[in-house]
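Since the structure comes first, as structure tokens, the remarks are kept for the end.
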Amino acid sequence: MSFLDTVKTGSTGEKVALAPGNYGTKSQPGLKILMYGDWSKPDKNGTMRHSFLVAATQPSNESKKAKGTANGNGFPDAPEDDFEGTAFMTVPLNDGWLNAEAAALAFTEVSRPKDSGDPQADYVQQAIEAGEITVESAQKAQAYYVKVATDKLLAANTPADKVEEAIPAQYHKEMQQIAIALGLYFRLLDWAGVSRSQAFSYDVKKLVDVQFSGSIKESDNPGKDGNKVSEVAGIKEKK
């Protein structure tokens, strides 16, 4: 038997957490997706939490600035070990969100100013005019998410006489959750050079090798070995 057949591929030495900070700019990526995690799994609500392993392609902006200030030479290249390590990135997607109706409703709702009743952008109407959805399909989708909001309020033992007035705020939370998740996903597609019109049928695993810019933070949850773990905290919009 070859020694190759006995190699434990899950053990690749000490895992180093990528240093917190901002990597890249709106036009120049600083992070790269290395692999799709086979630990990806759905949560209790059926939302698939797609997980990726990410590494840096250059030092963080903070590291560059610190070295530039110390050396007085602008932003010189930092040693490679200044950006060694990896971070985890989660892209939560639910099948119920991956359609034009849900996206149009969500981004319309979150454009609503906190203290105003009118959204600042009507993506639902734009989608109808573009032939991507119909009035009927939009109304059906909205009714579905109103029911989701209502069911959550009832499950939380909201007093019966308070349910009706609480529905708009809970509906807003549901739409905000969708908009945040889809916004992150769309930004990654932009960096990948993939049209957003393909978002609802795109194989998320194809995001491996895509380079993007974003911020890294230390995770609140340490690794199984007790060591620090880093995670992607945000993704910059591509210029």
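We name chains A, B, ... following the order of the structure tokens; residues begin at 1 in each chain, and ligands are numbered from 1 as shown.
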### Query
What lies within 12 Å of Arg112 (chain A) using only C-alpha atoms, ignoring chain neighbours under 3 positions off, as a PyMOL selection string?
chain A and resi 105-109+115-123+168-169+172+175-176
Please identify every residue of region 74-131 of chain A that has at least one atom no farther than 12 Å from an atom of region 29-44 of chain A, counting only C-alpha atoms, and for each give the shortest atom pair and the distance in Å to one decimal, arranged by chain then increasing number, as JSON lines.
```
{"residue": "A:Phe83", "atom": "CA", "partner": "A:Leu31", "partner_atom": "CA", "distance": 10.2}
{"residue": "A:Glu84", "atom": "CA", "partner": "A:Leu31", "partner_atom": "CA", "distance": 11.4}
{"residue": "A:Gly85", "atom": "CA", "partner": "A:Leu31", "partner_atom": "CA", "distance": 11.4}
{"residue": "A:Thr86", "atom": "CA", "partner": "A:Leu34", "partner_atom": "CA", "distance": 9.0}
{"residue": "A:Ala87", "atom": "CA", "partner": "A:Ile33", "partner_atom": "CA", "distance": 9.5}
{"residue": "A:Phe88", "atom": "CA", "partner": "A:Gly37", "partner_atom": "CA", "distance": 9.1}
{"residue": "A:Met89", "atom": "CA", "partner": "A:Ile33", "partner_atom": "CA", "distance": 8.7}
{"residue": "A:Thr90", "atom": "CA", "partner": "A:Ser40", "partner_atom": "CA", "distance": 8.5}
{"residue": "A:Val91", "atom": "CA", "partner": "A:Ser40", "partner_atom": "CA", "distance": 9.6}
{"residue": "A:Pro92", "atom": "CA", "partner": "A:Pro42", "partner_atom": "CA", "distance": 8.7}
{"residue": "A:Leu93", "atom": "CA", "partner": "A:Pro42", "partner_atom": "CA", "distance": 9.0}
{"residue": "A:Asn94", "atom": "CA", "partner": "A:Pro42", "partner_atom": "CA", "distance": 8.8}
{"residue": "A:Asp95", "atom": "CA", "partner": "A:Pro42", "partner_atom": "CA", "distance": 10.9}
```
Write out, as CSV, each residue of region 155-232 of chain A that has an atom at most 8 Å from region 134-148 of chain A, together with the closest pair of atoms and their distance in Å to one decimal, counting only C-alpha atoms, rows going by chain and rising number.
```
residue,atom,partner,partner_atom,distance
A:Ile167,CA,A:Val146,CA,7.2
A:Tyr171,CA,A:Val146,CA,5.9
A:Glu174,CA,A:Tyr145,CA,7.4
```
### Query
What is the distance, in Å and to one decimal place, between CA of Asn157 (chain A) and CA of Thr47 (chain A)?
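According to the coordinates, CA of Asn157 (chain A) and CA of Thr47 (chain A) are separated by 23.8 Å.
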### Distance of CA of Val204 (chain A) from CA of His50 (chain A), expressed in Å to one decimal place
7.9 Å
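Separating CA of Ser60 (chain A) from CA of Gln177 (chain A) is a distance of 28.8 Å.
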### Task
Please run DSSP on the backbone and report, as a VMD selection string, all residues within region 10-212 of chain A that come out as strand (DSSP E).
chain A and resid 21 to 23 31 to 36 41 to 42 48 to 56 86 to 93 211 to 212
### Message
To test your reading of the structure, identify every residue in region 96-179 of chain A that backbone DSSP assigns to helix (DSSP H, G or I), and report it as a VMD selection string.
### Response
chain A and resid 96 to 97 100 to 109 123 to 129 135 to 155 160 to 179
#### Entry: Counting only C-alpha atoms, the residue of A:Val124, A:Ile216, A:Ile180, A:Ala192 that sits nearest Pro59 (chain A)
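Looking at the shortest contact to Pro59 (chain A), the residue is A:Ile216.
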### Query
Given the choices A:Ala19, A:Thr158, A:Trp191, A:Ser111, which gets closest to Leu207 (chain A) if the distance is worked out from only C-alpha atoms?
A:Trp191
### Query
Pick from A:Leu188, A:Gln170, A:Ser215, A:Ser27: nearest to Ala156 (chain A), with only C-alpha atoms counted?
A:Gln170
